$ cat data-v2.cif   # mmCIF, C-alpha atoms
data_entry
loop_
_atom_site.label_atom_id
_atom_site.label_comp_id
_atom_site.auth_asym_id
_atom_site.auth_seq_id
_atom_site.Cartn_x
_atom_site.Cartn_y
_atom_site.Cartn_z
CA MET A 423 0.00 0.00 0.00
CA SER A 424 1.58 3.29 -1.11
CA LEU A 425 1.68 6.50 0.89
CA GLN A 426 -0.72 8.05 -1.62
CA SER A 427 -3.30 5.32 -1.19
CA VAL A 428 -3.08 5.60 2.62
CA ALA A 429 -3.54 9.38 2.30
CA LEU A 430 -6.51 8.87 -0.01
CA TRP A 431 -8.08 6.40 2.40
CA LEU A 432 -7.55 8.78 5.36
CA SER A 433 -9.14 11.64 3.40
CA GLU A 434 -12.39 9.68 3.06
CA THR A 435 -12.77 8.78 6.74
CA PRO A 436 -15.59 10.41 8.79
CA LEU A 437 -13.02 12.32 10.89
CA ALA A 438 -11.45 13.82 7.74
CA LEU A 439 -14.85 14.92 6.44
CA GLU A 440 -15.77 16.41 9.83
CA LEU A 441 -12.45 18.33 10.05
CA ALA A 442 -12.91 19.66 6.52
CA ASP A 443 -16.40 20.89 7.40
CA SER A 444 -15.74 22.31 10.84
CA ASN A 445 -13.48 25.30 11.51
CA TRP A 446 -14.38 24.91 15.17
CA LEU A 447 -13.03 21.37 15.43
CA PHE A 448 -9.91 22.01 13.37
CA GLY A 449 -9.07 25.24 15.24
CA THR A 450 -9.60 23.60 18.63
CA VAL A 451 -7.36 20.64 17.84
CA GLU A 452 -4.78 23.01 16.33
CA ALA A 453 -4.81 25.16 19.50
CA LEU A 454 -4.30 22.02 21.60
CA HIS A 455 -1.39 21.07 19.31
CA VAL A 456 0.21 24.51 19.78
CA ALA A 457 -0.27 24.36 23.59
CA ALA A 458 1.23 20.85 23.74
CA LEU A 459 4.10 21.84 21.45
CA THR A 460 4.97 24.88 23.58
CA LEU A 461 5.04 22.63 26.67
CA VAL A 462 7.43 20.25 24.88
CA ILE A 463 9.65 23.07 23.62
CA GLY A 464 9.67 24.94 26.94
CA SER A 465 10.58 21.92 29.02
CA ILE A 466 13.11 20.52 26.54
CA ALA A 467 14.76 23.93 26.15
CA LEU A 468 15.28 24.19 29.93
CA VAL A 469 16.80 20.70 30.03
CA ASP A 470 18.99 21.33 26.97
CA LEU A 471 20.16 24.70 28.26
CA ARG A 472 21.04 23.08 31.60
CA LEU A 473 23.01 20.39 29.74
CA ILE A 474 24.86 23.16 27.90
CA GLY A 475 25.47 24.84 31.26
CA VAL A 476 23.20 27.90 31.10
CA GLY A 477 19.57 28.81 31.86
CA PRO A 478 17.36 29.23 34.93
CA ALA A 479 16.81 25.54 35.83
CA ARG A 480 18.05 24.81 39.34
CA GLY A 481 20.07 21.80 40.47
CA THR A 482 22.29 19.29 38.70
CA ALA A 483 21.57 18.30 35.11
CA GLN A 484 20.34 14.92 36.36
CA GLU A 485 17.88 16.61 38.76
CA VAL A 486 16.64 18.94 36.03
CA LEU A 487 16.14 15.95 33.73
CA GLU A 488 14.13 14.04 36.33
CA ARG A 489 12.05 17.12 37.16
CA LEU A 490 11.19 18.25 33.63
CA VAL A 491 11.14 15.16 31.41
CA PRO A 492 7.62 14.22 32.69
CA PHE A 493 6.38 17.60 31.34
CA THR A 494 8.03 16.87 27.99
CA LEU A 495 6.41 13.43 27.83
CA VAL A 496 2.94 14.75 28.73
CA GLY A 497 3.31 17.56 26.16
CA PHE A 498 4.58 15.13 23.53
CA GLY A 499 1.65 12.77 24.20
CA PHE A 500 -0.86 15.58 23.62
CA ALA A 501 1.09 16.87 20.60
CA LEU A 502 1.15 13.38 19.08
CA ALA A 503 -2.57 12.81 19.69
CA SER A 504 -3.65 16.22 18.39
CA GLY A 505 -1.17 16.03 15.50
CA SER A 506 -2.59 12.64 14.50
CA VAL A 507 -6.08 14.17 14.37
CA LEU A 508 -4.82 17.14 12.32
CA LEU A 509 -3.33 14.68 9.83
CA PHE A 510 -6.88 13.71 8.85
CA ALA A 511 -7.65 17.30 7.81
CA ASN A 512 -5.52 17.13 4.66
CA PRO A 513 -3.75 13.77 4.36
CA ILE A 514 -3.06 14.07 0.64
CA GLY A 515 -1.60 17.58 1.03
CA TYR A 516 0.60 16.51 3.94
CA SER A 517 1.85 13.39 2.16
CA GLU A 518 3.15 15.56 -0.71
CA ASN A 519 4.53 18.39 1.45
CA PHE A 520 8.30 18.80 1.81
CA TRP A 521 8.11 20.53 5.18
CA PHE A 522 5.88 17.81 6.59
CA ALA A 523 8.51 15.22 5.63
CA ALA A 524 11.22 17.51 7.03
CA LYS A 525 9.37 17.86 10.34
CA PHE A 526 9.04 14.09 10.75
CA SER A 527 12.66 13.52 9.74
CA LEU A 528 13.77 16.04 12.38
CA LEU A 529 11.45 14.40 14.95
CA ALA A 530 13.07 11.05 14.18
CA LEU A 531 16.54 12.60 14.59
CA ALA A 532 15.46 14.18 17.91
CA GLY A 533 14.27 10.73 19.03
CA ILE A 534 17.59 9.15 18.04
CA ASN A 535 19.47 11.95 19.84
CA ALA A 536 17.39 11.34 22.99
CA LEU A 537 18.09 7.61 22.78
CA VAL A 538 21.83 8.15 22.30
CA PHE A 539 21.79 10.55 25.23
CA HIS A 540 19.99 8.02 27.42
CA LEU A 541 22.30 5.16 26.43
CA PHE A 542 25.68 6.91 26.31
CA ALA A 543 25.75 10.58 27.29
CA GLN A 544 23.64 10.55 30.48
CA ARG A 545 26.32 8.63 32.40
CA LYS A 546 28.79 11.41 31.53
CA LEU A 547 26.70 13.93 33.49
CA ALA A 548 28.57 13.12 36.68
CA GLU A 549 31.94 13.75 35.02
CA PRO A 550 32.91 17.37 35.56
CA GLY A 551 33.75 19.23 32.37
CA SER A 552 32.45 16.53 30.04
CA VAL A 553 31.50 18.06 26.70
CA ILE A 554 29.31 15.15 25.53
CA PRO A 555 26.15 16.26 27.44
CA ARG A 556 26.71 19.80 26.14
CA ILE A 557 26.89 18.56 22.56
CA SER A 558 23.78 16.43 23.08
CA GLY A 559 21.90 19.43 24.53
CA ALA A 560 22.96 21.69 21.64
CA ILE A 561 21.91 19.08 19.05
CA SER A 562 18.53 18.62 20.75
CA LEU A 563 17.91 22.37 20.95
CA SER A 564 18.77 22.78 17.25
CA LEU A 565 16.58 19.86 16.19
CA TRP A 566 13.55 21.13 18.13
CA LEU A 567 14.02 24.61 16.68
CA GLY A 568 14.01 22.96 13.26
CA ILE A 569 10.84 21.04 14.15
CA VAL A 570 9.02 24.27 15.06
CA ILE A 571 10.26 25.96 11.86
CA ALA A 572 9.24 23.03 9.65
CA GLY A 573 5.87 22.78 11.42
CA ARG A 574 5.07 26.44 10.83
CA TRP A 575 6.19 26.24 7.20
CA ILE A 576 3.74 23.40 6.52
CA GLY A 577 0.88 25.87 6.97
CA TYR A 578 2.32 28.13 4.27
CA THR A 579 3.15 25.51 1.69
CA LEU A 580 0.13 23.17 1.67
CA MET B 863 -13.61 51.78 15.38
CA SER B 864 -12.52 54.79 13.29
CA LEU B 865 -9.38 55.20 15.40
CA LEU B 866 -8.44 51.59 14.66
CA VAL B 867 -9.21 52.05 10.95
CA ASP B 868 -6.93 55.11 10.88
CA PHE B 869 -4.20 53.24 12.77
CA ALA B 870 -4.45 50.23 10.43
CA ALA B 871 -4.32 52.53 7.39
CA TRP B 872 -1.25 54.35 8.79
CA LEU B 873 0.45 51.08 9.75
CA GLY B 874 -0.11 49.80 6.20
CA THR B 875 1.87 52.77 4.84
CA THR B 876 4.91 52.33 7.12
CA SER B 877 8.22 50.91 5.94
CA LEU B 878 7.87 48.25 8.68
CA SER B 879 4.73 46.94 7.02
CA ALA B 880 6.38 47.08 3.59
CA LEU B 881 9.38 45.16 4.94
CA VAL B 882 7.27 42.34 6.44
CA ILE B 883 4.96 42.11 3.42
CA GLY B 884 7.91 42.25 1.00
CA HIS B 885 9.42 38.96 2.14
CA ASP B 886 7.29 35.81 1.95
CA TRP B 887 9.40 33.97 4.50
CA LEU B 888 9.32 36.72 7.10
CA VAL B 889 5.76 36.16 8.41
CA PRO B 890 6.18 32.44 9.22
CA ALA B 891 9.67 33.23 10.64
CA ILE B 892 8.13 35.82 12.97
CA GLN B 893 5.44 33.29 13.90
CA VAL B 894 8.16 30.77 14.83
CA VAL B 895 9.72 33.32 17.20
CA HIS B 896 6.20 34.09 18.53
CA ILE B 897 5.61 30.37 19.27
CA LEU B 898 9.03 30.03 20.97
CA ALA B 899 8.15 33.02 23.16
CA VAL B 900 4.81 31.38 24.05
CA ALA B 901 6.85 28.35 25.15
CA GLY B 902 8.91 30.68 27.38
CA VAL B 903 5.79 32.18 28.92
CA LEU B 904 4.24 28.77 29.49
CA ILE B 905 7.26 27.12 31.11
CA ALA B 906 7.96 30.15 33.34
CA SER B 907 4.30 30.32 34.45
CA LEU B 908 4.18 26.57 35.01
CA HIS B 909 7.19 26.75 37.32
CA ILE B 910 5.73 29.60 39.36
CA HIS B 911 2.21 28.15 39.65
CA LEU B 912 3.13 24.49 40.06
CA ARG B 913 5.45 25.59 42.85
CA ALA B 914 2.44 27.30 44.49
CA LEU B 915 0.57 24.00 44.10
CA ASN B 916 3.52 22.17 45.70
CA LEU B 917 4.02 20.09 42.57
CA LEU B 918 7.46 21.42 41.56
CA GLU B 919 10.64 22.48 43.40
CA ARG B 920 8.96 21.92 46.80
CA ASP B 921 12.24 22.48 48.64
CA VAL B 922 12.68 26.00 47.26
CA ALA B 923 10.95 29.14 48.57
CA GLN B 924 8.17 30.33 46.28
CA GLU B 925 9.58 33.82 45.94
CA GLN B 926 12.92 32.33 44.84
CA VAL B 927 11.20 30.34 42.10
CA ALA B 928 9.34 33.51 41.07
CA ALA B 929 12.58 35.52 41.09
CA ARG B 930 14.19 32.97 38.75
CA PHE B 931 11.32 32.66 36.29
CA LEU B 932 9.68 36.12 36.24
CA PRO B 933 12.53 37.60 34.14
CA ILE B 934 11.87 34.84 31.58
CA LEU B 935 8.14 35.66 31.65
CA TRP B 936 8.73 39.39 31.12
CA GLY B 937 11.36 38.77 28.43
CA ALA B 938 9.09 36.35 26.57
CA LEU B 939 6.14 38.75 26.84
CA GLY B 940 8.35 41.48 25.36
CA VAL B 941 9.23 39.22 22.42
CA LEU B 942 5.52 38.38 22.03
CA ALA B 943 4.64 42.09 21.93
CA ILE B 944 7.29 42.86 19.29
CA THR B 945 6.55 39.84 17.10
CA GLY B 946 2.80 40.42 17.56
CA LEU B 947 3.19 44.01 16.35
CA LEU B 948 5.19 42.80 13.32
CA LEU B 949 2.48 40.25 12.53
CA ILE B 950 -0.17 42.98 12.74
CA ALA B 951 1.99 45.14 10.45
CA SER B 952 2.03 42.27 7.94
CA GLU B 953 -1.77 42.41 7.72
CA PRO B 954 -3.09 45.55 9.48
CA THR B 955 -6.73 44.87 8.60
CA ARG B 956 -6.80 41.42 10.19
CA ALA B 957 -6.30 40.84 13.94
CA MET B 958 -7.29 44.24 15.33
CA PHE B 959 -10.79 43.99 13.83
CA ARG B 960 -11.65 40.71 15.50
CA THR B 961 -13.08 40.54 19.04
CA ILE B 962 -11.01 37.45 19.83
CA PHE B 963 -7.77 39.46 19.42
CA TRP B 964 -8.82 41.90 22.16
CA VAL B 965 -10.06 39.02 24.32
CA LYS B 966 -6.58 37.48 23.94
CA LEU B 967 -4.88 40.72 25.03
CA VAL B 968 -7.14 41.08 28.10
CA LEU B 969 -6.64 37.43 29.07
CA ALA B 970 -2.85 37.66 28.57
CA SER B 971 -2.73 40.78 30.77
CA ALA B 972 -4.79 39.05 33.47
CA ALA B 973 -2.64 35.91 33.33
CA SER B 974 0.59 37.97 33.51
CA LEU B 975 -0.76 39.77 36.57
CA GLY B 976 -1.84 36.46 38.14
CA THR B 977 1.59 34.95 37.55
CA TRP B 978 3.44 37.98 38.91
CA ALA B 979 1.16 38.02 42.00
CA GLN B 980 2.33 34.62 43.30
CA GLY B 981 5.60 36.05 44.66
CA PRO B 982 4.04 38.95 46.63
CA LEU B 983 1.22 36.64 47.80
CA ALA B 984 3.75 34.17 49.22
CA LEU B 985 5.26 37.02 51.25
CA ARG B 986 1.83 38.42 52.17
CA PHE B 987 0.57 35.12 53.57
CA ASN B 988 3.94 34.59 55.24
CA THR B 989 3.84 30.87 54.58
CA GLY B 990 7.52 30.52 55.27
CA GLY B 991 8.13 30.46 51.55
CA VAL B 992 7.63 26.72 51.27
CA ALA B 993 3.94 26.03 51.88
CA ALA B 994 1.29 27.79 49.76
CA ALA B 995 -1.91 29.47 50.95
CA PRO B 996 -5.26 28.23 49.52
CA ALA B 997 -5.69 31.56 47.71
CA GLN B 998 -2.40 30.95 45.91
CA ARG B 999 -3.45 27.46 44.90
CA ALA B 1000 -6.71 28.82 43.48
CA LEU B 1001 -4.81 31.57 41.67
CA ALA B 1002 -2.39 29.00 40.25
CA VAL B 1003 -5.13 26.82 38.74
CA ALA B 1004 -7.11 29.82 37.46
CA THR B 1005 -4.08 31.52 35.90
CA LEU B 1006 -2.83 28.38 34.17
CA LEU B 1007 -6.30 27.90 32.67
CA VAL B 1008 -6.27 31.52 31.50
CA TRP B 1009 -2.87 30.99 29.82
CA LEU B 1010 -4.38 28.02 27.96
CA ALA B 1011 -7.28 30.26 26.94
CA VAL B 1012 -4.75 32.81 25.63
CA ILE B 1013 -3.20 30.14 23.37
CA TYR B 1014 -6.67 29.08 22.22
CA ALA B 1015 -7.71 32.67 21.52
CA GLY B 1016 -4.45 33.30 19.67
CA ARG B 1017 -5.05 30.40 17.33
CA TRP B 1018 -8.67 31.43 16.91
CA ILE B 1019 -7.73 34.82 15.37
CA ALA B 1020 -7.15 32.87 12.15
CA TYR B 1021 -10.74 31.60 12.06
CA ALA B 1022 -12.89 34.34 13.62
CA ASP B 1023 -14.98 36.66 11.47
CA ALA B 1024 -14.03 40.34 11.29
CA TRP B 1025 -16.38 43.01 12.64
CA ALA B 1026 -19.08 44.22 10.30
CA GLY B 1027 -17.78 47.26 8.41
CA ALA B 1028 -14.11 46.46 9.12
CA PRO B 1029 -11.67 47.36 6.31
CA ALA B 1030 -10.96 44.48 3.96
#
$ encode --input "data-v2.cif" --output "C-alpha cells"
Amino acid sequence: MSLQSVALWLSETPLALELADSNWLFGTVEALHVAALTLVIGSIALVDLRLIGVGPARGTAQEVLERLVPFTLVGFGFALASGSVLLFANPIGYSENFWFAAKFSLLALAGINALVFHLFAQRKLAEPGSVIPRISGAISLSLWLGIVIAGRWIGYTL
Amino acid sequence: MSLLVDFAAWLGTTSLSALVIGHDWLVPAIQVVHILAVAGVLIASLHIHLRALNLLERDVAQEQVAARFLPILWGALGVLAITGLLLIASEPTRAMFRTIFWVKLVLASAASLGTWAQGPLALRFNTGGVAAAPAQRALAVATLLVWLAVIYAGRWIAYADAWAGAPA
C-alpha cells in the first residue's frame, strides 16, 4: 500500500470529512497542538540549556532531567494525539509536502538523539567538564528549533 | 472603530509593514519566534504556579522560584509584543478587527498579573516560603487555565470573522 493510497483512504474517513467541514473542530485541535508543542519546547529547552550549562533551571543536570522530562512526555503525548487528528484534515496535502517530511525527519533525529543521550551521554553527566552532554543538549535544541520551523512552514506551503 | 481604521491605514503605509509584506518567508519566521516566546511564557508560568501548588521544586521558597522565572516571563512577553506588532503590520486589517484578538490581550494581561502576583502573595501570607496558601493554589489553577485560553484565543484569530464594516 503506497503513501498516496493511505492518504486517499484517510481523506475519506468520517473524521477527515468532519475536520474539513468544521473550523471549530480544526481550530480547537490546532490550538491544543500549539499548547502541547509549547510545553514540549519549553521543558526541553530548559533541560537542553542546563546540559549546555546555562539557563534558569536549578540543580544538577540529572535533577533537572528528572524534574522536567515528565512535562516533555505529557506535552509530547498531547502533541502526538492532536497532530494525529490534524493529519486527517488534509492527508493528501501533507503526504506531498516537503516541510511535513522535514518535520518528521527532524522528529526522528530528535528521538535518536534522545536515545543516544539516554544510552551513552547521560552517564557522563557526573563527570565534571564533560562536553558530551553539552553537545547532546545543543543538538537537541537545534533539532527542536528545526521542528518548530518546519511545522510552521507546513501551513504556508500546503 | 474609526481610530483603529486610521491606525491600520497608517500602519499599512509604514516601511515596517512594507518590509514584512515584501518577504514571503518573514511572516512564518516571525510566527516561529512568537511560538518560541509562548513556550517561554508557558514554562515560566508553570514553574511559578506548580510551585504554588507544591508540585514542583517543593524544597525552594516560592519567591525564589518567582525571582528565577519572572525575568523569563517578562522577556518572553516582550518578544511576544514585538513579534505580535510585526504580525499585525504584515496584515493591518486582520487581527485588530476581531473581538477574539482583544479578548486574547485582556486574558494575557490578566494571566501575567496572576503569575506575577504569586511572589508577593507568598510574602503576604507569610507561609515561610515553602507552603502555599489556599488563595495561591486557586490563583495557580485559574491563571494556568487563563494561559491556555490565551493560546486558544491566539489560534482562533485565524478563524474568527471580522467586525461588520471592518476594512478588507
$ resolve_selection --input "data-v2.cif" --expression "the PyMOL selection byres ((chain A) within 6 of (chain B))" --output "mmCIF file with C-alpha atoms, in the frame of the given file"
data_model
loop_
_atom_site.group_PDB
_atom_site.id
_atom_site.type_symbol
_atom_site.label_atom_id
_atom_site.label_comp_id
_atom_site.auth_asym_id
_atom_site.auth_seq_id
_atom_site.Cartn_x
_atom_site.Cartn_y
_atom_site.Cartn_z
ATOM 1 C CA ALA A 453 -4.810 25.160 19.500
ATOM 2 C CA THR A 460 4.970 24.880 23.580
ATOM 3 C CA GLY A 464 9.670 24.940 26.940
#
$ resolve_selection --input "data-v2.cif" --expression "the PyMOL selection byres ((chain A and resi 479) around 10)" --output "list in words"
Ser465, Leu468, Val469, Leu471, Arg472, Gly475, Val476, Gly477, Pro478, Arg480, Gly481, Thr482, Ala483, Glu485, Val486, Leu487, Arg489 and Leu490 of chain A; His909, Val927, Arg930 and Phe931 of chain B
$ resolve_selection --input "data-v2.cif" --expression "the PyMOL selection byres ((chain B and resi 979) around 12)" --output "PyMOL selection string"
chain B and resi 907+910-911+914+924-925+928-929+932+972-978+980-987+997-999+1001-1002+1005
$ atom_distance --input "data-v2.cif" --atom1 "CA of Ala871 in chain B" --atom2 "CA of Glu953 in chain B"
10.4 Å
$ closest_residue --input "data-v2.cif" --among "A:Leu567, A:Ala501, A:Ala429, A:Ala442" --to "Ala457 in chain A" --atoms "all atoms listed in the file"
A:Ala501
$ residues_around --input "data-v2.cif" --residues "Ile883 in chain B" --least-positions-apart "3" --cutoff "10 Å" --atoms "all atoms listed in the file" --output "PDB file with C-alpha atoms, keeping the file's coordinate frame"
ATOM      1  CA  GLY B 874      -0.110  49.800   6.200  1.00  0.00           C
ATOM      2  CA  SER B 877       8.220  50.910   5.940  1.00  0.00           C
ATOM      3  CA  LEU B 878       7.870  48.250   8.680  1.00  0.00           C
ATOM      4  CA  SER B 879       4.730  46.940   7.020  1.00  0.00           C
ATOM      5  CA  ALA B 880       6.380  47.080   3.590  1.00  0.00           C
ATOM      6  CA  ASP B 886       7.290  35.810   1.950  1.00  0.00           C
ATOM      7  CA  TRP B 887       9.400  33.970   4.500  1.00  0.00           C
ATOM      8  CA  LEU B 888       9.320  36.720   7.100  1.00  0.00           C
ATOM      9  CA  VAL B 889       5.760  36.160   8.410  1.00  0.00           C
ATOM     10  CA  LEU B 948       5.190  42.800  13.320  1.00  0.00           C
ATOM     11  CA  LEU B 949       2.480  40.250  12.530  1.00  0.00           C
ATOM     12  CA  ALA B 951       1.990  45.140  10.450  1.00  0.00           C
ATOM     13  CA  SER B 952       2.030  42.270   7.940  1.00  0.00           C
ATOM     14  CA  GLU B 953      -1.770  42.410   7.720  1.00  0.00           C
TER      15      GLU B 953
END
$ atom_distance --input "data-v2.cif" --atom1 "CA of Asp1023 in chain B" --atom2 "CA of Ala970 in chain B"
21.0 Å
$ atom_distance --input "data-v2.cif" --atom1 "CA of Thr875 in chain B" --atom2 "CA of Gly577 in chain A"
27.0 Å
$ build_atoms --input "data-v2.cif" --residues "range 876-887 of chain B" --atoms "all heavy atoms" --output "PDB file, in the frame of the given file"
ATOM      1  N   THR B 876       3.564  52.220   6.516  1.00  0.00           N
ATOM      2  CA  THR B 876       4.910  52.330   7.120  1.00  0.00           C
ATOM      3  C   THR B 876       5.906  51.410   6.395  1.00  0.00           C
ATOM      4  O   THR B 876       5.513  50.423   5.763  1.00  0.00           O
ATOM      5  CB  THR B 876       4.880  51.944   8.612  1.00  0.00           C
ATOM      6  OG1 THR B 876       4.411  50.598   8.722  1.00  0.00           O
ATOM      7  CG2 THR B 876       3.984  52.870   9.404  1.00  0.00           C
ATOM      8  N   SER B 877       7.180  51.738   6.566  1.00  0.00           N
ATOM      9  CA  SER B 877       8.220  50.910   5.940  1.00  0.00           C
ATOM     10  C   SER B 877       8.300  49.545   6.652  1.00  0.00           C
ATOM     11  O   SER B 877       8.703  48.552   6.050  1.00  0.00           O
ATOM     12  CB  SER B 877       9.573  51.622   5.995  1.00  0.00           C
ATOM     13  OG  SER B 877       9.838  52.054   7.308  1.00  0.00           O
ATOM     14  N   LEU B 878       7.880  49.515   7.932  1.00  0.00           N
ATOM     15  CA  LEU B 878       7.870  48.250   8.680  1.00  0.00           C
ATOM     16  C   LEU B 878       6.912  47.269   8.005  1.00  0.00           C
ATOM     17  O   LEU B 878       7.250  46.101   7.770  1.00  0.00           O
ATOM     18  CB  LEU B 878       7.414  48.515  10.128  1.00  0.00           C
ATOM     19  CG  LEU B 878       7.469  47.331  11.079  1.00  0.00           C
ATOM     20  CD1 LEU B 878       8.899  46.945  11.388  1.00  0.00           C
ATOM     21  CD2 LEU B 878       6.722  47.654  12.367  1.00  0.00           C
ATOM     22  N   SER B 879       5.730  47.767   7.693  1.00  0.00           N
ATOM     23  CA  SER B 879       4.730  46.940   7.020  1.00  0.00           C
ATOM     24  C   SER B 879       5.243  46.477   5.657  1.00  0.00           C
ATOM     25  O   SER B 879       5.120  45.304   5.299  1.00  0.00           O
ATOM     26  CB  SER B 879       3.429  47.742   6.872  1.00  0.00           C
ATOM     27  OG  SER B 879       2.431  46.949   6.313  1.00  0.00           O
ATOM     28  N   ALA B 880       5.854  47.416   4.924  1.00  0.00           N
ATOM     29  CA  ALA B 880       6.380  47.080   3.590  1.00  0.00           C
ATOM     30  C   ALA B 880       7.463  46.003   3.700  1.00  0.00           C
ATOM     31  O   ALA B 880       7.530  45.079   2.880  1.00  0.00           O
ATOM     32  CB  ALA B 880       6.946  48.336   2.927  1.00  0.00           C
ATOM     33  N   LEU B 881       8.297  46.129   4.747  1.00  0.00           N
ATOM     34  CA  LEU B 881       9.380  45.160   4.940  1.00  0.00           C
ATOM     35  C   LEU B 881       8.815  43.760   5.166  1.00  0.00           C
ATOM     36  O   LEU B 881       9.252  42.786   4.542  1.00  0.00           O
ATOM     37  CB  LEU B 881      10.230  45.578   6.155  1.00  0.00           C
ATOM     38  CG  LEU B 881      11.323  44.598   6.570  1.00  0.00           C
ATOM     39  CD1 LEU B 881      12.526  44.724   5.638  1.00  0.00           C
ATOM     40  CD2 LEU B 881      11.755  44.816   8.012  1.00  0.00           C
ATOM     41  N   VAL B 882       7.821  43.662   6.092  1.00  0.00           N
ATOM     42  CA  VAL B 882       7.270  42.340   6.440  1.00  0.00           C
ATOM     43  C   VAL B 882       6.520  41.752   5.247  1.00  0.00           C
ATOM     44  O   VAL B 882       6.646  40.560   4.946  1.00  0.00           O
ATOM     45  CB  VAL B 882       6.342  42.440   7.672  1.00  0.00           C
ATOM     46  CG1 VAL B 882       5.833  41.067   8.059  1.00  0.00           C
ATOM     47  CG2 VAL B 882       7.080  43.055   8.850  1.00  0.00           C
ATOM     48  N   ILE B 883       5.755  42.600   4.556  1.00  0.00           N
ATOM     49  CA  ILE B 883       4.960  42.110   3.420  1.00  0.00           C
ATOM     50  C   ILE B 883       5.883  41.736   2.248  1.00  0.00           C
ATOM     51  O   ILE B 883       5.598  40.813   1.498  1.00  0.00           O
ATOM     52  CB  ILE B 883       3.930  43.181   2.985  1.00  0.00           C
ATOM     53  CG1 ILE B 883       2.888  43.377   4.102  1.00  0.00           C
ATOM     54  CG2 ILE B 883       3.234  42.792   1.681  1.00  0.00           C
ATOM     55  CD1 ILE B 883       2.007  44.595   3.920  1.00  0.00           C
ATOM     56  N   GLY B 884       7.017  42.436   2.144  1.00  0.00           N
ATOM     57  CA  GLY B 884       7.910  42.250   1.000  1.00  0.00           C
ATOM     58  C   GLY B 884       8.685  40.948   0.990  1.00  0.00           C
ATOM     59  O   GLY B 884       9.311  40.613  -0.010  1.00  0.00           O
ATOM     60  N   HIS B 885       8.673  40.219   2.083  1.00  0.00           N
ATOM     61  CA  HIS B 885       9.420  38.960   2.140  1.00  0.00           C
ATOM     62  C   HIS B 885       8.486  37.839   2.580  1.00  0.00           C
ATOM     63  O   HIS B 885       8.043  37.828   3.730  1.00  0.00           O
ATOM     64  CB  HIS B 885      10.590  39.067   3.123  1.00  0.00           C
ATOM     65  CG  HIS B 885      11.571  40.137   2.768  1.00  0.00           C
ATOM     66  ND1 HIS B 885      11.388  41.453   3.121  1.00  0.00           N
ATOM     67  CD2 HIS B 885      12.730  40.088   2.060  1.00  0.00           C
ATOM     68  CE1 HIS B 885      12.406  42.170   2.662  1.00  0.00           C
ATOM     69  NE2 HIS B 885      13.227  41.376   2.004  1.00  0.00           N
ATOM     70  N   ASP B 886       8.237  36.902   1.672  1.00  0.00           N
ATOM     71  CA  ASP B 886       7.290  35.810   1.950  1.00  0.00           C
ATOM     72  C   ASP B 886       7.654  35.010   3.197  1.00  0.00           C
ATOM     73  O   ASP B 886       6.784  34.537   3.907  1.00  0.00           O
ATOM     74  CB  ASP B 886       7.250  34.838   0.752  1.00  0.00           C
ATOM     75  CG  ASP B 886       6.468  35.442  -0.394  1.00  0.00           C
ATOM     76  OD1 ASP B 886       5.761  36.439  -0.156  1.00  0.00           O
ATOM     77  OD2 ASP B 886       6.569  34.914  -1.520  1.00  0.00           O
ATOM     78  N   TRP B 887       8.960  34.844   3.415  1.00  0.00           N
ATOM     79  CA  TRP B 887       9.400  33.970   4.500  1.00  0.00           C
ATOM     80  C   TRP B 887       9.350  34.656   5.862  1.00  0.00           C
ATOM     81  O   TRP B 887       9.427  33.992   6.900  1.00  0.00           O
ATOM     82  CB  TRP B 887      10.835  33.490   4.239  1.00  0.00           C
ATOM     83  CG  TRP B 887      11.800  34.630   4.045  1.00  0.00           C
ATOM     84  CD1 TRP B 887      12.100  35.248   2.872  1.00  0.00           C
ATOM     85  CD2 TRP B 887      12.537  35.309   5.063  1.00  0.00           C
ATOM     86  NE1 TRP B 887      12.984  36.265   3.090  1.00  0.00           N
ATOM     87  CE2 TRP B 887      13.280  36.324   4.417  1.00  0.00           C
ATOM     88  CE3 TRP B 887      12.659  35.149   6.436  1.00  0.00           C
ATOM     89  CZ2 TRP B 887      14.116  37.192   5.119  1.00  0.00           C
ATOM     90  CZ3 TRP B 887      13.492  36.003   7.142  1.00  0.00           C
ATOM     91  CH2 TRP B 887      14.207  37.013   6.485  1.00  0.00           C
TER      92      TRP B 887
END
